[in-house]
Every structure is written in structure tokens, then in C-alpha cells.
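Have a look at the structure below before the remarks.
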Amino acid sequence: MEEIIPALGAGIVSTFICNPLDTIRINYQLNKQINYNIGSLYRGLSYGIIAVPSFWAIYFPFYKKFKETNVPKPISAYISCCIASTFTTPFWVLRQKLQTGKEIKDITLIKCYRGLIPTYILNLNFTVQIPVYEYLKDKTDNSTFNTFLNTAFSKTIATCIFYPIDTIRAKIRNGDSFKLKPIDYYRGMSIYLIRSIPYHATVFCTFEFIKKIL
């Protein structure tokens with residue numbers, strides 16, 4: 001419970017804050033047009049409230065457990081992320097469907113796991129992000145501002161390396177074709193960073209804040 005309660009809190013807060021940015025990013029990434037109003041920006045929130053907190057509530061306890069058994073941090077981060085992704089992928093897929101205005105009434109369990117293999121590949125970004133974050137965390141005091149800076153820097157590095165895989169996953173989840181120019185694989189990366197930096201900063205800042213309270 002020491003890790004689960006802060007993780008759930010962090011997931012809920014980050015979902016409410018970042019859902020609009022995530023909706024904008026996924027539609028731009030897939031070259032889809034949407035009307036930017038409150039209703040459309042919060043599409044998929046119902047599944048996001050399940051997916052995001054559940055992901056972090058699974059990730060943080062497993063990551064801590066693996067580290068305690070002396071598994072290297074990059075491997076601990078990767079395995080924990082893959083475990084969390086395996087359980088939560090259907091909710092991420094359903095969320096993306098709603099965000100892009102697609103129907104979900106006829107979706108099957110197999111379709112709910114679309115993009116799982118690219119997700120496992122994309123999770124390698126945690127082997128970069130988490131070790132960089134923890135290195136910076138060990139070198140600075142545990143203030144909210146430093147947590148934000150450390151998260152932003154580590155996430156930016158990981159994103160620059162792995163973003164094309166995210167585009168491939170988004171295409172697979174939506175059932176779209178793969179006729180992309182090389183530059184299209186980085187389509188929406190700036191929006192992704194605008195979304196991901198506050199998202200991960202919110203997750204880690206909220207997680208550390210709730211842990212301090214507890």
C-alpha cells in the first residue's frame with residue numbers, strides 16, 4: 001500500500017490535467033481533425049481514469065520490488081512497465097478509440113490488445129528515462145521543482161529516441177495504414193513533449209508528495 005496509494009493518486013491527478021493535451025496529440029499524430037471544445041478534449045477520460053492510475057499502481061510496487069532484489073534499475077523499470085502495460089492495454093486502446101471519435105461497441109478482446117508488441121518495444125524508453133531520472137534525483141534535493149526538472153529532462157531524452165515507435169503503436173491501435181514518410185514518424189512529437197513533460201512531472205511530483213504525507 002506504501003506505493004499503491006501514491007501511484008493511484010498520481011495517476012488520477014495526471015489524467016485530469018493532461019487528457020486534453022493527450023487528445024490533441026493523438027489526433028495530430030494520426031492526422032485527424034477534431035473540434036477543440038471541452039467535450040472533445042476530454043474524450044476518453046472515463047477509460048483514462050482506469051488506465052492511468054492502474055498502470056502506475058502496478059508499475060511502482062513492481063519497480064520497488066525488483067530493485068530490492070538487486071535487479072539493475074533499467075531492467076527493473078522495463079519489466080515493471082511491461083507488466084503494467086499487459087494488464088492495462090485494453091483500457092488504453094479503448095481510450096484512444098474514443099479520443100479519435102471511433103466506435104467501441106463492436107470491439108473484441110483481441111482488438112483491445114492491438115499495439116501490445118510495439119508497446120513492449122516502446123517501454124524500452126523507461127530503460128533510459130527512469131535511470132536518468134533517478135541519477136538526477138540522487139544528485140539533487142527532493143523538492144517539487146527539482147522533481148519537475150529531473151522528470152522533464154529524462155523524459156525529453158527518452159522521447160527523442162523512441163517516439164517513432166509511439167506513432168507506429170497509435171496507427172496499429174486505430175487500424176490505420178502505415179504509408180508514412182520518415183518525417184511522419186516524428187509527427188506530433190512537440191505536442192507529445194508538451195503533454196508528456198507535465199504528465200510525468202505530475203505523476204512523479206504527486207507520487208513523491210503523497211508518499212511524504214503518508
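Residues in the C-alpha cells are numbered from 1 in each chain, the chains being A, B, ... in the order shown, and ligands are numbered from 1 in the order shown.
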* Which neighbours of A:Phe16 fall inside 9 Å, counting only C-alpha atoms, when residues of the same chain fewer than 5 positions from it are skipped, and could you give them as a list in words? -> Gly11, Tyr42, Leu45, Gly48 and Ile49 of chain A
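Contact shell of stretch 170-172 of chain A at 9 Å (only C-alpha atoms; same-chain neighbours under 4 positions omitted): A:Ile26, A:Gln29, A:Leu30, A:Val93, A:Gln96, A:Arg114, A:Gly115, A:Pro118, A:Ile165, A:Asp166, A:Asp176, A:Ser177, A:Phe178.
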Write a file of the selected residues as a PDB file, in the first residue's frame, keeping N, CA and C atoms.
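The new file out_18.pdb reads:
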```
ATOM      1  N   ILE A  26      -2.792  12.840 -29.987  1.00  0.00           N
ATOM      2  CA  ILE A  26      -3.098  11.600 -30.707  1.00  0.00           C
ATOM      3  C   ILE A  26      -3.805  11.890 -32.024  1.00  0.00           C
ATOM      4  N   GLN A  29      -1.162  13.345 -34.379  1.00  0.00           N
ATOM      5  CA  GLN A  29      -0.253  12.261 -34.753  1.00  0.00           C
ATOM      6  C   GLN A  29      -0.861  11.403 -35.866  1.00  0.00           C
ATOM      7  N   LEU A  30      -2.177  11.179 -35.794  1.00  0.00           N
ATOM      8  CA  LEU A  30      -2.881  10.368 -36.783  1.00  0.00           C
ATOM      9  C   LEU A  30      -3.464  11.209 -37.915  1.00  0.00           C
ATOM     10  N   VAL A  93      -6.331   1.274 -25.322  1.00  0.00           N
ATOM     11  CA  VAL A  93      -6.885   1.159 -26.677  1.00  0.00           C
ATOM     12  C   VAL A  93      -8.283   1.770 -26.738  1.00  0.00           C
ATOM     13  N   GLN A  96      -8.046   5.536 -26.637  1.00  0.00           N
ATOM     14  CA  GLN A  96      -7.640   6.134 -27.908  1.00  0.00           C
ATOM     15  C   GLN A  96      -8.784   6.114 -28.914  1.00  0.00           C
ATOM     16  N   ARG A 114      -4.501  -4.610 -29.469  1.00  0.00           N
ATOM     17  CA  ARG A 114      -3.740  -4.092 -30.602  1.00  0.00           C
ATOM     18  C   ARG A 114      -2.607  -3.191 -30.114  1.00  0.00           C
ATOM     19  N   GLY A 115      -1.457  -3.370 -30.734  1.00  0.00           N
ATOM     20  CA  GLY A 115      -0.331  -2.496 -30.403  1.00  0.00           C
ATOM     21  C   GLY A 115       0.457  -2.927 -29.177  1.00  0.00           C
ATOM     22  N   PRO A 118       4.365  -3.326 -30.100  1.00  0.00           N
ATOM     23  CA  PRO A 118       5.050  -2.026 -30.121  1.00  0.00           C
ATOM     24  C   PRO A 118       5.141  -1.383 -28.747  1.00  0.00           C
ATOM     25  N   ILE A 165       8.254   4.784 -32.435  1.00  0.00           N
ATOM     26  CA  ILE A 165       7.525   3.581 -32.029  1.00  0.00           C
ATOM     27  C   ILE A 165       6.134   3.954 -31.528  1.00  0.00           C
ATOM     28  N   ASP A 166       6.010   5.104 -30.893  1.00  0.00           N
ATOM     29  CA  ASP A 166       4.710   5.560 -30.410  1.00  0.00           C
ATOM     30  C   ASP A 166       3.765   5.830 -31.587  1.00  0.00           C
ATOM     31  N   ASP A 176      -5.092   1.949 -38.706  1.00  0.00           N
ATOM     32  CA  ASP A 176      -4.751   2.780 -39.854  1.00  0.00           C
ATOM     33  C   ASP A 176      -3.606   2.167 -40.657  1.00  0.00           C
ATOM     34  N   SER A 177      -3.428   2.672 -41.884  1.00  0.00           N
ATOM     35  CA  SER A 177      -2.360   2.175 -42.754  1.00  0.00           C
ATOM     36  C   SER A 177      -1.014   2.751 -42.314  1.00  0.00           C
ATOM     37  N   PHE A 178       0.066   2.177 -42.875  1.00  0.00           N
ATOM     38  CA  PHE A 178       1.418   2.581 -42.477  1.00  0.00           C
ATOM     39  C   PHE A 178       2.168   3.316 -43.580  1.00  0.00           C
TER      40      PHE A 178
END
```
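Counting from atom CA of A:Arg173, the distance to atom CA of A:Trp92 is 9.2 Å.
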* To do: Can you list, as a PyMOL selection string, all residues belonging to chain A that DSSP tags as alpha helix (DSSP H)?
  => chain A and resi 4-29+38-41+45-68+73-99+109-112+116-122+126-139+144-174+189-213
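Atom pair atom CA of A:Tyr186 / atom CA of A:Ile161: separated by 10.3 Å.
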* Do you know which residues are at most 9 Å from stretch 61-78 of chain A counting only C-alpha atoms, after dropping those on the same chain fewer than 2 positions away, and could you put them as a count of residues only? -> 25
* Do a neighbour search on stretch 20-25 of chain A at 9 Å with only C-alpha atoms, toss out local chain neighbours closer than 5 positions, and write the hits as a count of residues only. => 20
